[in-house]
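Have a look at the structure below before the remarks.
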Amino acid sequence: MEKRNGNKSTFLGVLLGIGALALGKLKYVLVALKIFKFSTLFSMFLSIGAYAIIYGWKFGVALVALLAVHEGGHGLGARMKGIPTSPTLFIPFMGAVIGLKEKPKDARTESFIGYMGPFFGLLSVLVAAGMYLITKNPFWAMVIAVGGIINLFNLMPVSPLDGGRILAVVSPRIWLIGLGGLIFAAISFGGVLTWLIILFGIGTIWNRFKEERRIKELSTKIDIYDTWCERLGEPDGYSALVQRMNELEHNPSPSKAEKWESEVLSHIQYYTELNTTEEGWARALDEQGAGGEIQRWRDEMEPIVRYYEASAATKWKVVIAYVLLAAALGGMTEWGRILMEAHQMEL
């Protein structure tokens, strides 16, 4: 490989690899796989051939190997957590993907599976480092640098990249930091693939924002319901309920919380019945009838809340493991860059 062509191939290959791992995680890839039903071995050789036509067979093999090890780490992590997966499948110029046949039960499980990809990516870079130390072949210096960059980029803390999945257990709000970093990288260095990842990142953040808004709505409604259920047990409970409903009805510009309160109070009133007691007539809530809708709210809210629940110790362990992995990949990437400069190669 001549130096000029080698430099160009390496640079394009880095961008290709970054986009490959990122795009390989997107849902529409799984749809394509179901249509074409590529086998692992066939799709692997197809990808190597496609990359080899443009970048040379050695780089094609190296890139596919890096992708395979990375996705293999995800697959092993999923199996360790008892989640079945589809075989690793390769799509030329789009990457490799392992489909999870079940959703992880919580963010801790998703974090572990996400971590295993770049962790195995680091192992593949260390193998390349060993080969360089043995052979002194500049090709392995290139593999070190490219493998480091691909896996380091995937540690950006924004979904659908692995970093976003790893750190979601700490707080999904971290995705905003990762999104800002991606936008800065896209503005500084360009790249259609980076902008595409940004769009998917924005979509993920928006979906999480809607989840948080829904959780706030449901928790507020449940609190209102519980409060007024207790209030109805008091002698003036029902009259207080009617008075509060009138206040809300005549409010020209109610807040969201007041709209939610009005909805809950109407629900309570609907299931409040007039009953005969020893003391006379009294209003009583049909808790079985009213509770059905409230239970549906609880059933909707609790899985979302529980998914991101984790102890402080778990969160610190994830952060430390993430920082160490990022530092190791960053160090290997820099070493690979230095070696390439020594051999008069450039990314």
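Ordered as shown in the structure tokens, chains take letters A, B, and onward, while each chain numbers its residues from 1 and ligands are numbered from 1 in the order shown.
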Select from region 60-303 of chain A everything DSSP, run on the backbone, classes as helix (DSSP H, G or I), then give the selection as an NGL selection string. :A and (60-80 or 107-135 or 138-153 or 162-167 or 174-189 or 192-231 or 237-249 or 256-270 or 287-303)
Skipping near chain neighbours, those fewer than 5 positions away, what residues fall within 10 Å of Glu110 (chain A) using only C-alpha atoms, listed as a list in words?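 Close residues of Glu110 (chain A): His74, Gly77, Ala78, Lys81, Lys103, Pro104, Lys105, Tyr115, Asp162, Arg165, Ile166, Leu167, Ala168, Val169 and Tyr307 of chain A.
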What gap, in Å, lies between CA of Leu324 (chain A) and CA of Met80 (chain A)?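 Here the two named atoms are 21.9 Å from each other.
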What lies within 7 Å of Ile83 (chain A) using only C-alpha atoms, ignoring chain neighbours under 4 positions off, as a PDB file with N, CA and C atoms, in the first residue's frame?
ATOM      1  N   ALA A  78     -24.482 -10.218  27.005  1.00  0.00           N
ATOM      2  CA  ALA A  78     -25.907 -10.554  27.014  1.00  0.00           C
ATOM      3  C   ALA A  78     -26.125 -11.977  27.502  1.00  0.00           C
ATOM      4  N   ARG A  79     -25.312 -12.906  27.021  1.00  0.00           N
ATOM      5  CA  ARG A  79     -25.476 -14.305  27.445  1.00  0.00           C
ATOM      6  C   ARG A  79     -25.171 -14.470  28.937  1.00  0.00           C
ATOM      7  N   LEU A 100     -30.620  -8.229  20.495  1.00  0.00           N
ATOM      8  CA  LEU A 100     -31.100  -8.785  21.757  1.00  0.00           C
ATOM      9  C   LEU A 100     -32.541  -9.242  21.567  1.00  0.00           C
ATOM     10  N   LYS A 101     -32.797 -10.483  21.904  1.00  0.00           N
ATOM     11  CA  LYS A 101     -34.142 -11.019  21.741  1.00  0.00           C
ATOM     12  C   LYS A 101     -35.066 -10.645  22.898  1.00  0.00           C
ATOM     13  N   GLU A 102     -34.478 -10.108  23.959  1.00  0.00           N
ATOM     14  CA  GLU A 102     -35.261  -9.622  25.093  1.00  0.00           C
ATOM     15  C   GLU A 102     -34.690  -8.276  25.533  1.00  0.00           C
TER      16      GLU A 102
END
Show me, as a PyMOL selection string, the residues that have an atom within 10 Å of region 247-256 of chain A when counting only C-alpha atoms, minus same-chain residues fewer than 6 positions from it. chain A and resi 217+241+262+265
File dump, residues just selected, C-alpha atoms, as a PDB file, in the first residue's frame:
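This went into result38.pdb:
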ATOM      1  CA  GLU A 217     -47.780  13.248  35.608  1.00  0.00           C
ATOM      2  CA  LEU A 241     -64.045  17.801  46.944  1.00  0.00           C
ATOM      3  CA  SER A 262     -59.169  18.133  37.943  1.00  0.00           C
ATOM      4  CA  LEU A 265     -61.088  14.609  41.201  1.00  0.00           C
TER       5      LEU A 265
END
